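Below is one structure, written out as structure tokens; comments come after it.
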Amino acid sequence: MTDLVTFGETMLRLSPPDRERIESTSTLELRAAGAESNVAIAAHRLGAETMWTSKLPDSPLGRRVAAGLRQYGIETEIEWSDEGRQGTYYLEFGTDPRGTSAIYDRADAAVTTATPDDVPLDRIQDASMFYTSGITPALSDTLESTVDEVLAEAQDAGTTTAFDVNYRSKLWSPAEARASLTELFPRIDVLVTAERDARTVLDQSGDAADIARDLADEWDFETVIVTLGANGALALHDGEIHEQPSFETDTVDPIGTGDSFVGAFLARRLAGEPVPTALEYGAATAALKRTIPGDVAVVTREEVESVMDTEGRDISR
């Protein structure tokens, strides 16, 4: 039985080297990148048996995505399509006063047409946990309906459902996101949200602990995790608040940090660890991810536990 199945879009990320500008570079580095596949890989690296599922175009670019993910040891279940294209994004790194910027090119991606028939529901129903994020229903009306149905099928089968709000302002407005996501909330057991998303999208107020309690009270979540950026994260579980500061790290590439946190947390919960321990694994994995180019946390459990043994707790650099 698979521990964790994730579902969502994975794009191809193209980046100039050495903080060059896109308009002047002659070289672009190519990597597979997506929130749900990032979570699957991080969870696998922390000991979970994971599978990522999606819909990809049967093209060289689509096959490049699949190959780019399989190299990390996760299982993939893909619906190959003769229609639609492979989404890409272009990431240009900068430092102050020129910030990092991203240009997305994902219109008409094959994944936007994915229906429940394109998803391996039997594998999800047999899994211990199913995960997706708020990026997926934001991509199309079809995916919004598909995510709702798949979450319902998973929950009805006894599969724990986990969901990250993961708000993207380039995909929809806060009001649109709130209307869609709150329709999904009754089907979610474990909710992850950045504090800023809770305020902007879910119209929450108070401190992070208040946000966690209010969301759990309103939607009956089993666990609520509120991530706090440089200040770490906290979780509400069984009525108790658990706080986890961040670990000291030097930042090479921050993209995928949140996904690595979530993947590690879910993996260790699936392994039977208590929430505070799973939070610590998540924070340490996130710190390591920031030292690694690309979206993926290419780490070992031993490396993560070594970070957990240190005294540093500042992820702000």
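Chain labels run A, B, ... following the order of the structure tokens; each chain numbers its residues from 1, and ligands are numbered from 1 in the order shown.
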Residues flagged strand (DSSP E or B) by DSSP in segment 62-163 of chain A, as an NGL selection string: :A and (75-81 or 85 or 88-92 or 101-105 or 109 or 129-133 or 160-163)
Run DSSP on the backbone and tell me which residues of segment 18-207 of chain A come out as helix (DSSP H, G or I); list them as a count of residues only. 77
Closest of A:Ala216, A:Ala110, A:Val296, A:Val262 to Asn166 of chain A, counting only C-alpha atoms, is A:Val262
Restricting the calculation to only C-alpha atoms: of A:Gly232, A:Gly94, A:Gly73, A:Gly47, which residue gets closest to Ala283 of chain A?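 Ranking A:Gly232, A:Gly94, A:Gly73, A:Gly47 by distance to Ala283 of chain A, first place goes to A:Gly232.
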Open item on the list: as an MDAnalysis selection string, please: the residues near Arg301 of chain A (cut-off 7 Å, only C-alpha atoms, same-chain neighbours under 4 positions excluded).
Closed with: chainID A and resid 45:46 305
task: Give me the residues within 12 Å of Ser59 of chain A as a ChimeraX atom specification, counting only C-alpha atoms and dropping any in the same chain fewer than 4 places off.
output: /A:55,63-66,80-87,110
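Here atom CA of Arg213 of chain A stands at a distance of 25.1 Å from atom CA of Phe247 of chain A.
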inquiry  = List as an NGL selection string the protein and nucleic acid residues near Ile103 of chain A, meaning an atom at most 9 Å away when only C-alpha atoms are counted, but skip any in the same chain fewer than 6 places from it.
reply    = :A and (88-92)
Can those selected residues be exported to a file as a PDB file, in the first residue's frame so that it contains C-alpha atoms?
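Result file is selection_14.pdb:
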ATOM      1  CA  THR A  88       6.637  26.014 -18.177  1.00  0.00           C
ATOM      2  CA  TYR A  89       7.914  28.844 -16.063  1.00  0.00           C
ATOM      3  CA  TYR A  90      10.967  31.031 -16.284  1.00  0.00           C
ATOM      4  CA  LEU A  91      12.698  31.943 -13.043  1.00  0.00           C
ATOM      5  CA  GLU A  92      15.131  34.849 -12.904  1.00  0.00           C
TER       6      GLU A  92
END
| said: Considering only C-alpha atoms, can you say which of A:Ser54, A:Asp18, A:Thr249, A:Ala278 comes closest to His237 of chain A? | reply: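 Under the stated criterion, the closest residue is A:Ala278.
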Tell me which protein, DNA and RNA residues are within 6 Å of segment 114-131 of chain A, counting only C-alpha atoms, leaving out same-chain ones fewer than 4 positions away, and put them as a ChimeraX atom specification. /A:1-6,79,146,154,157,159-163
Using only C-alpha atoms, the shortest atom-to-atom distance to Ala35 of chain A among A:Ala297, A:Val275, A:Ile188, A:Ala287 belongs to A:Ala297
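Minimum distance to Pro186 of chain A across A:Asp210, A:Asp259, A:Glu303, A:Asp217 (counting only C-alpha atoms) occurs at A:Asp217.
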| said: For Gly229 of chain A, find every residue with an atom within 12 Å (counting only C-alpha atoms), except residues of its own chain fewer than 6 positions away, and show them as a ChimeraX atom specification. | reply: /A:193-197,208,244-247,254,257-258,261,283,286-287,314-317
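Candidate residues A:Arg106, A:His242, A:Arg98, A:His44 were compared for distance to Leu12 of chain A, and the nearest is A:Arg106, using only C-alpha atoms.
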What separates atom CA of Gly294 of chain A and atom CA of Thr251 of chain A is a distance of 11.9 Å
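Atom CA of Arg290 of chain A sits 10.3 Å away from atom CA of Glu248 of chain A.
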